[in-house]
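Coordinates from protein.cif are shown below (mmCIF, C-alpha atoms).
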```cif
data_my_file
loop_
_atom_site.label_atom_id
_atom_site.label_comp_id
_atom_site.auth_asym_id
_atom_site.auth_seq_id
_atom_site.Cartn_x
_atom_site.Cartn_y
_atom_site.Cartn_z
CA MET P 249 -11.78 70.43 -40.69
CA ALA P 250 -12.23 67.22 -38.72
CA PRO P 251 -12.25 67.57 -34.91
CA HIS P 252 -9.11 66.67 -33.03
CA THR P 253 -9.07 62.98 -32.15
CA ALA P 254 -6.28 62.90 -29.60
CA HIS P 255 -7.22 62.03 -26.03
CA PRO P 256 -4.50 63.38 -23.75
CA ARG P 257 -4.19 62.09 -20.21
CA PRO P 258 -6.40 64.11 -17.81
CA LEU P 259 -4.49 65.84 -15.05
CA ALA P 260 -5.16 65.20 -11.41
CA LEU P 261 -4.44 68.03 -9.04
CA THR P 262 -2.44 66.77 -6.08
CA PRO P 263 -3.76 67.25 -2.52
CA ALA P 264 -0.73 69.41 -1.76
CA ALA P 265 -1.50 71.67 -4.70
CA LEU P 266 -5.13 72.00 -3.65
CA ALA P 267 -4.18 72.74 -0.05
CA SER P 268 -1.71 75.40 -1.14
CA ALA P 269 -4.29 76.90 -3.44
CA ALA P 270 -6.86 77.01 -0.68
CA LEU P 271 -4.46 78.91 1.58
CA LEU P 272 -3.60 81.31 -1.23
CA LEU P 273 -7.22 81.95 -2.07
CA THR P 274 -8.15 82.41 1.59
CA GLY P 275 -5.43 84.99 1.97
CA CYS P 276 -6.60 86.82 -1.15
CA ALA P 277 -10.21 86.80 0.02
CA ALA P 278 -9.36 88.11 3.50
CA GLY P 279 -7.67 91.26 2.16
CA ALA P 280 -8.47 93.27 5.26
CA ASP P 281 -6.54 95.95 7.11
CA PRO P 282 -5.73 95.65 10.84
CA GLY P 283 -8.95 97.46 11.69
CA GLY P 284 -11.04 94.87 9.92
CA GLN P 285 -11.93 97.07 6.96
CA ALA P 286 -11.85 95.17 3.67
CA GLU P 287 -9.53 96.52 0.99
CA SER P 288 -11.21 98.63 -1.66
CA ALA P 289 -11.23 97.56 -5.30
CA ASP P 290 -8.58 99.00 -7.56
CA ASP P 291 -10.19 102.01 -9.13
CA THR P 292 -7.74 101.86 -12.02
CA ALA P 293 -8.63 98.30 -13.04
CA ALA P 294 -9.37 97.92 -16.71
CA GLU P 295 -13.00 97.75 -17.70
CA GLY P 296 -14.31 94.62 -19.34
CA PRO P 297 -14.20 90.95 -18.42
CA VAL P 298 -11.37 89.19 -16.63
CA VAL P 299 -10.35 86.34 -18.91
CA VAL P 300 -8.15 83.35 -18.15
CA ALA P 301 -7.02 81.36 -21.19
CA THR P 302 -5.43 77.96 -20.89
CA THR P 303 -2.91 78.71 -23.69
CA THR P 304 -1.68 81.59 -25.83
CA TRP P 305 -3.94 80.41 -28.66
CA GLN P 306 -7.17 81.05 -26.75
CA GLY P 307 -5.52 84.12 -25.25
CA ALA P 308 -4.92 85.54 -28.73
CA PHE P 309 -8.54 84.96 -29.70
CA ALA P 310 -9.69 86.71 -26.52
CA THR P 311 -7.40 89.67 -27.14
CA ALA P 312 -8.61 89.93 -30.72
CA ALA P 313 -12.18 89.94 -29.42
CA GLY P 314 -11.45 93.01 -27.30
CA ALA P 315 -10.59 91.58 -23.88
CA GLU P 316 -7.90 93.63 -22.14
CA ASP P 317 -7.43 91.64 -18.92
CA VAL P 318 -6.18 88.28 -20.22
CA THR P 319 -4.10 85.81 -18.21
CA VAL P 320 -2.61 82.72 -19.85
CA ILE P 321 -2.18 79.60 -17.70
CA VAL P 322 0.26 77.49 -19.77
CA PRO P 323 3.57 79.28 -20.44
CA ALA P 324 4.39 79.81 -24.11
CA ASP P 325 7.49 77.63 -23.90
CA VAL P 326 5.63 74.50 -22.73
CA GLN P 327 5.67 72.04 -25.61
CA HIS P 328 2.68 69.88 -24.58
CA ALA P 329 -0.07 72.03 -23.13
CA PRO P 330 -2.45 69.15 -22.21
CA GLU P 331 0.21 67.74 -19.87
CA TYR P 332 0.69 70.96 -17.92
CA GLU P 333 0.01 70.70 -14.19
CA PRO P 334 -1.79 73.76 -12.82
CA SER P 335 -0.15 75.51 -9.88
CA PRO P 336 -1.82 77.17 -6.87
CA SER P 337 -1.33 80.57 -8.50
CA ASP P 338 -3.12 79.27 -11.59
CA LEU P 339 -6.07 78.34 -9.40
CA ALA P 340 -6.05 81.78 -7.84
CA ALA P 341 -6.18 83.39 -11.30
CA VAL P 342 -9.14 81.24 -12.27
CA ALA P 343 -10.96 82.09 -9.05
CA GLY P 344 -10.98 85.74 -10.04
CA ALA P 345 -11.93 85.23 -13.68
CA ASP P 346 -15.19 85.96 -15.42
CA TYR P 347 -14.39 83.53 -18.23
CA VAL P 348 -12.02 80.59 -18.64
CA LEU P 349 -11.26 79.75 -22.26
CA TYR P 350 -10.19 76.21 -23.06
CA SER P 351 -10.25 73.55 -25.75
CA PRO P 352 -11.53 69.98 -25.48
CA PHE P 353 -8.05 68.42 -25.71
CA GLU P 354 -7.11 70.30 -22.51
CA PRO P 355 -9.05 68.33 -19.87
CA PHE P 356 -7.59 70.27 -16.95
CA ALA P 357 -9.54 73.45 -17.76
CA GLN P 358 -12.73 72.37 -16.01
CA GLN P 359 -10.73 70.78 -13.21
CA ILE P 360 -8.92 73.97 -12.30
CA THR P 361 -12.17 75.96 -12.41
CA ASP P 362 -13.90 73.49 -10.10
CA ALA P 363 -10.89 73.25 -7.78
CA ALA P 364 -10.66 77.02 -7.42
CA GLY P 365 -14.31 77.27 -6.50
CA GLY P 366 -14.80 80.41 -8.58
CA ASP P 367 -17.80 81.56 -10.59
CA ALA P 368 -15.97 81.70 -13.90
CA GLU P 369 -17.87 80.62 -16.99
CA THR P 370 -15.92 78.05 -19.01
CA VAL P 371 -15.98 78.64 -22.75
CA GLU P 372 -14.82 76.05 -25.28
CA VAL P 373 -12.89 77.64 -28.13
CA ASP P 374 -12.47 76.15 -31.61
CA LEU P 375 -8.74 76.40 -32.25
CA ASP P 376 -7.97 76.75 -35.93
CA ASN P 377 -6.09 79.54 -37.68
CA THR P 378 -8.18 79.62 -40.83
CA PRO P 379 -9.65 83.11 -41.38
CA GLU P 380 -13.15 81.62 -41.27
CA THR P 381 -12.67 80.12 -37.80
CA ILE P 382 -10.82 83.15 -36.47
CA SER P 383 -13.65 85.39 -37.66
CA ALA P 384 -16.39 83.21 -36.20
CA GLU P 385 -14.70 82.78 -32.81
CA VAL P 386 -13.63 86.41 -32.43
CA ILE P 387 -17.17 87.60 -33.21
CA ARG P 388 -18.65 85.06 -30.78
CA LEU P 389 -16.26 86.01 -27.99
CA GLY P 390 -16.78 89.72 -28.63
CA GLU P 391 -20.52 89.28 -28.20
CA LEU P 392 -19.96 87.24 -25.04
CA PHE P 393 -17.55 89.78 -23.55
CA GLY P 394 -19.62 92.81 -24.54
CA THR P 395 -16.79 94.03 -26.80
CA ALA P 396 -18.36 93.39 -30.20
CA GLY P 397 -17.25 96.72 -31.60
CA ALA P 398 -13.60 96.08 -30.75
CA ALA P 399 -13.85 92.58 -32.22
CA GLU P 400 -15.25 93.88 -35.50
CA ALA P 401 -12.54 96.54 -35.74
CA TRP P 402 -9.81 93.96 -35.11
CA LEU P 403 -11.24 91.65 -37.77
CA ALA P 404 -11.24 94.45 -40.34
CA ASP P 405 -7.54 95.08 -39.68
CA PHE P 406 -6.78 91.35 -39.64
CA ASP P 407 -8.44 90.79 -43.00
CA GLU P 408 -6.41 93.62 -44.52
CA GLU P 409 -3.17 92.24 -43.10
CA ARG P 410 -4.00 88.69 -44.17
CA GLN P 411 -4.63 89.78 -47.75
CA ARG P 412 -1.37 91.72 -47.76
CA ILE P 413 0.60 88.72 -46.51
CA ALA P 414 -1.08 86.37 -49.00
CA GLY P 415 -0.31 88.77 -51.84
CA GLU P 416 3.34 89.00 -50.86
CA LEU P 417 3.65 85.21 -50.74
CA ALA P 418 1.96 84.83 -54.13
CA GLY P 419 4.60 87.14 -55.54
CA GLN P 420 7.27 84.68 -54.36
CA TRP P 421 5.89 81.50 -55.89
CA PRO P 422 8.67 79.44 -57.52
CA ASP P 423 8.49 79.87 -61.30
CA GLY P 424 5.55 82.24 -60.80
CA GLU P 425 3.01 79.40 -60.39
CA ALA P 426 1.11 78.15 -57.35
CA PRO P 427 3.18 75.24 -56.02
CA ARG P 428 1.74 71.80 -55.31
CA ALA P 429 1.63 71.01 -51.60
CA VAL P 430 0.44 68.51 -49.01
CA ALA P 431 -0.34 69.57 -45.45
CA GLN P 432 -1.07 68.17 -42.04
CA VAL P 433 -4.71 68.97 -41.33
CA TYR P 434 -3.91 71.59 -38.69
CA ALA P 435 -1.32 73.23 -40.95
CA ALA P 436 -3.55 73.45 -44.03
CA TRP P 437 -4.45 77.06 -43.19
CA ALA P 438 -0.82 78.06 -43.86
CA ALA P 439 -0.81 76.32 -47.23
CA GLU P 440 -3.95 78.24 -48.13
CA LEU P 441 -2.36 81.49 -46.95
CA ALA P 442 0.57 80.73 -49.25
CA GLY P 443 -1.79 80.21 -52.19
CA ALA P 444 -0.46 76.69 -52.69
CA GLU P 445 -2.36 74.06 -54.66
CA LEU P 446 -3.26 71.77 -51.78
CA VAL P 447 -3.40 68.29 -53.33
CA GLU P 448 -3.54 66.16 -50.15
CA THR P 449 -3.90 66.48 -46.38
CA TYR P 450 -2.85 64.00 -43.71
CA GLY P 451 -3.15 63.31 -39.99
CA PRO P 452 -3.63 63.98 -37.23
CA GLU P 453 -3.13 60.22 -36.84
CA GLN P 454 0.38 58.83 -37.26
CA LEU P 455 1.34 58.19 -40.87
CA GLY P 456 1.75 54.63 -42.10
CA ALA P 457 3.85 53.44 -45.01
CA SER P 458 0.87 53.50 -47.36
CA ASP P 459 0.01 57.05 -46.26
CA VAL P 460 3.54 58.24 -46.99
CA ALA P 461 3.48 56.52 -50.37
CA GLY P 462 0.20 58.25 -51.22
CA LEU P 463 1.55 61.66 -50.26
CA ALA P 464 4.71 61.10 -52.27
CA GLY P 465 2.60 60.03 -55.23
CA ALA P 466 0.91 63.42 -55.21
CA GLU P 467 4.34 64.85 -56.14
CA PRO P 468 4.23 67.93 -53.90
CA ALA P 469 6.91 70.58 -53.99
CA PHE P 470 6.23 71.44 -50.33
CA VAL P 471 5.03 69.71 -47.17
CA PHE P 472 3.29 71.93 -44.61
CA GLU P 473 3.94 70.12 -41.33
CA ASN P 474 2.44 70.89 -37.92
CA THR P 475 5.47 71.53 -35.70
CA HIS P 476 3.46 70.73 -32.56
CA MET P 477 2.76 67.15 -33.66
CA SER P 478 5.75 66.53 -35.88
CA ALA P 479 7.38 63.10 -35.92
CA GLY P 480 10.19 64.29 -38.15
CA ARG P 481 10.59 64.14 -41.88
CA VAL P 482 7.26 63.40 -43.58
CA LEU P 483 8.64 62.53 -47.03
CA PRO P 484 12.29 61.60 -46.39
CA ASP P 485 12.81 60.17 -49.89
CA SER P 486 11.27 63.13 -51.69
CA ASP P 487 12.70 66.41 -52.93
CA ALA P 488 9.76 68.24 -51.35
CA LEU P 489 10.81 70.95 -48.90
CA GLN P 490 9.19 70.70 -45.47
CA ILE P 491 7.70 73.84 -43.91
CA GLY P 492 7.21 73.84 -40.15
CA VAL P 493 3.93 75.59 -39.34
CA VAL P 494 3.44 77.13 -35.88
CA ASN P 495 -0.13 77.35 -34.60
CA TYR P 496 0.30 78.91 -31.15
CA PRO P 497 0.95 82.66 -30.93
CA GLY P 498 3.78 83.94 -28.76
CA GLU P 499 3.49 85.72 -25.44
CA ASP P 500 2.29 88.85 -27.26
CA LEU P 501 -0.97 87.00 -28.09
CA ASP P 502 -0.80 88.47 -31.60
CA LEU P 503 -2.39 86.44 -34.40
CA VAL P 504 -1.11 88.81 -37.10
CA ALA P 505 2.43 88.33 -35.80
CA LEU P 506 1.85 84.57 -35.98
CA TYR P 507 0.79 84.89 -39.63
CA GLU P 508 3.87 87.03 -40.32
CA ALA P 509 6.22 84.51 -38.68
CA ASN P 510 4.80 81.62 -40.66
CA ALA P 511 4.90 83.70 -43.85
CA HIS P 512 8.63 84.22 -43.30
CA THR P 513 9.18 80.46 -43.02
CA ILE P 514 7.11 79.87 -46.15
CA ALA P 515 8.97 82.54 -48.11
CA GLU P 516 12.29 80.93 -47.18
CA ALA P 517 11.03 77.60 -48.48
CA PHE P 518 9.80 79.20 -51.69
CA ALA P 519 13.35 80.48 -52.12
CA GLY P 520 14.68 76.95 -51.70
CA ARG P 521 15.68 77.21 -48.03
CA GLU P 522 14.21 75.42 -45.04
CA ALA P 523 14.03 77.83 -42.10
CA GLU P 524 13.28 77.20 -38.46
CA PRO P 525 9.69 78.10 -37.48
CA GLY P 526 9.48 81.66 -36.27
CA THR P 527 7.40 81.68 -33.08
CA GLY P 528 5.07 79.82 -30.80
CA GLY P 529 5.07 77.07 -28.22
CA HIS P 530 2.75 74.34 -26.95
CA GLY P 531 1.93 71.06 -28.55
CA ASP P 532 -0.67 68.55 -29.67
CA HIS P 533 -2.74 70.64 -32.08
#
```
Rewrite the structure of this file - the entire thing - as structure tokens.
Amino acid sequence: MAPHTAHPRPLALTPAALASAALLLTGCAAGADPGGQAESADDTAAEGPVVVATTTWQGAFATAAGAEDVTVIVPADVQHAPEYEPSPSDLAAVAGADYVLYSPFEPFAQQITDAAGGDAETVEVDLDNTPETISAEVIRLGELFGTAGAAEAWLADFDEERQRIAGELAGQWPDGEAPRAVAQVYAAWAAELAGAELVETYGPEQLGASDVAGLAGAEPAFVFENTHMSAGRVLPDSDALQIGVVNYPGEDLDLVALYEANAHTIAEAFAGREAEPGTGGHGDH
């Protein structure tokens, strides 16, 4: 899949935000009792790395890889993650992290790490929900976190669930045949999950008249559209049903639940109904 070409506006942390963060971090670092004795570490803290993820997507990958202490910076209901402005508490979370997971279209990730002054290692994550990318990234993160065994166990369960979902969708194909489909490049994974015959892909650039004509000429029965970059109806003069694909997991950071939610939307379309996407947030990928 081609890399994302969007270049969102970098965020600048305001002096007030930095000052507030500095006070918050100083207070956290002091942590001493009246006698001057520093507070002891929480003996019940979970073992393993402390991970801060910029969005639920990276957070889901980290959880799948075996991380148990995962904090997500951008709330799940924010529609455009690259435009989120980090708060002082976000900076405090980063200051205590071992790893900060981000993606290249989120330019604030390095900024918040630098501003917090922590020792966190920033890790760029390839965000794509194809099973190949999920497998590669979960294995890589598991090795990085020292949780390779947990990552491998999760992937075994994920593969079983993915095959089950794909089989159920294949059993709901209209007329018992794989339907023709076109898909936005970051929604193609859902078309493949559905077993559709993917005849064309489009985007992420805005569609022109000639692009729309080409997609319509492919005579798809379904359009798999990326809800996070949607400009509305892709083929307004076509009988093709549009399926809104959600890429970001919910607050549960569960990739299997994300697959299930999208499968429900796809099944509704296969039955001739257009349903609202089932879960997720964030935008621009």
Residue members of the PyMOL selection byres ((chain P and resi 319-324) around 10) in the file shown, as a PyMOL selection string: chain P and resi 298-308+316-318+325-335+337-339+341-342+345+348-349+357+496-501+527-530
Correct to one decimal, the distance CA of Asn495 in chain P-CA of Phe472 in chain P is 11.9 Å
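A straight line drawn from CA of Arg410 in chain P to CA of Ala509 in chain P is 12.3 Å long.
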Evaluate the PyMOL selection byres ((chain P and resi 431-448) around 6) on the structure here and hand back the selected residues as a PDB file with C-alpha atoms, keeping the file's coordinate frame.
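File produced: part.pdb:
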```
ATOM      1  CA  THR P 378      -8.180  79.620 -40.830  1.00  0.00           C
ATOM      2  CA  ALA P 414      -1.080  86.370 -49.000  1.00  0.00           C
ATOM      3  CA  LEU P 417       3.650  85.210 -50.740  1.00  0.00           C
ATOM      4  CA  ALA P 426       1.110  78.150 -57.350  1.00  0.00           C
ATOM      5  CA  PRO P 427       3.180  75.240 -56.020  1.00  0.00           C
ATOM      6  CA  ARG P 428       1.740  71.800 -55.310  1.00  0.00           C
ATOM      7  CA  ALA P 429       1.630  71.010 -51.600  1.00  0.00           C
ATOM      8  CA  VAL P 430       0.440  68.510 -49.010  1.00  0.00           C
ATOM      9  CA  THR P 449      -3.900  66.480 -46.380  1.00  0.00           C
ATOM     10  CA  TYR P 450      -2.850  64.000 -43.710  1.00  0.00           C
ATOM     11  CA  GLY P 451      -3.150  63.310 -39.990  1.00  0.00           C
ATOM     12  CA  VAL P 471       5.030  69.710 -47.170  1.00  0.00           C
ATOM     13  CA  PHE P 472       3.290  71.930 -44.610  1.00  0.00           C
ATOM     14  CA  GLU P 473       3.940  70.120 -41.330  1.00  0.00           C
ATOM     15  CA  ASN P 474       2.440  70.890 -37.920  1.00  0.00           C
ATOM     16  CA  VAL P 493       3.930  75.590 -39.340  1.00  0.00           C
TER      17      VAL P 493
END
```
Using all atoms listed in the file, the residue out of P:Asp485, P:Asp502, P:Asp362, P:Asp407 with shortest distance to Pro379 in chain P is P:Asp407
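With CA of Gly397 in chain P on one side and CA of Ala313 in chain P on the other, the separation reads 8.7 Å.
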Take every atom of range 497-514 of chain P listed in the file, fit an axis-aligned box around them, add 4 Å per side, and give the centre and edge lengths in Å to one decimal as JSON.
```
{"center_x": 3.4, "center_y": 84.4, "center_z": -35.8, "size_x": 19.6, "size_y": 17.0, "size_z": 28.7}
```
_Selection near Ala464 in chain P, 9 Å with only C-alpha atoms, sequence-local residues under 6 positions removed, as a list of chain:residue names_ = P:Leu483, P:Asp485, P:Ser486, P:Ala488
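Of the listed residues (P:His476, P:Gly344, P:Leu489, P:Gln420), P:Gly344 comes nearest to Asp367 in chain P; the distances count all atoms listed in the file.
Considering the residues P:Val371, P:Gln490, P:Leu503, P:Pro297 and counting all atoms listed in the file, Ala523 in chain P has its shortest atom-to-atom contact with P:Gln490.
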**Message:** I'd like to see the residues matched by the PyMOL selection byres ((chain P and resi 454) around 12) on this file, and ideally I'd get them as a ChimeraX atom specification.
**Reply:** /P:253-254,432,450-453,455-460,477-480,482
Atoms to include: C-alpha atoms. Write the selected residues as a PDB file, keeping the file's coordinate frame.
```pdb
ATOM      1  CA  THR P 253      -9.070  62.980 -32.150  1.00  0.00           C
ATOM      2  CA  ALA P 254      -6.280  62.900 -29.600  1.00  0.00           C
ATOM      3  CA  GLN P 432      -1.070  68.170 -42.040  1.00  0.00           C
ATOM      4  CA  TYR P 450      -2.850  64.000 -43.710  1.00  0.00           C
ATOM      5  CA  GLY P 451      -3.150  63.310 -39.990  1.00  0.00           C
ATOM      6  CA  PRO P 452      -3.630  63.980 -37.230  1.00  0.00           C
ATOM      7  CA  GLU P 453      -3.130  60.220 -36.840  1.00  0.00           C
ATOM      8  CA  LEU P 455       1.340  58.190 -40.870  1.00  0.00           C
ATOM      9  CA  GLY P 456       1.750  54.630 -42.100  1.00  0.00           C
ATOM     10  CA  ALA P 457       3.850  53.440 -45.010  1.00  0.00           C
ATOM     11  CA  SER P 458       0.870  53.500 -47.360  1.00  0.00           C
ATOM     12  CA  ASP P 459       0.010  57.050 -46.260  1.00  0.00           C
ATOM     13  CA  VAL P 460       3.540  58.240 -46.990  1.00  0.00           C
ATOM     14  CA  MET P 477       2.760  67.150 -33.660  1.00  0.00           C
ATOM     15  CA  SER P 478       5.750  66.530 -35.880  1.00  0.00           C
ATOM     16  CA  ALA P 479       7.380  63.100 -35.920  1.00  0.00           C
ATOM     17  CA  GLY P 480      10.190  64.290 -38.150  1.00  0.00           C
ATOM     18  CA  VAL P 482       7.260  63.400 -43.580  1.00  0.00           C
TER      19      VAL P 482
END
```
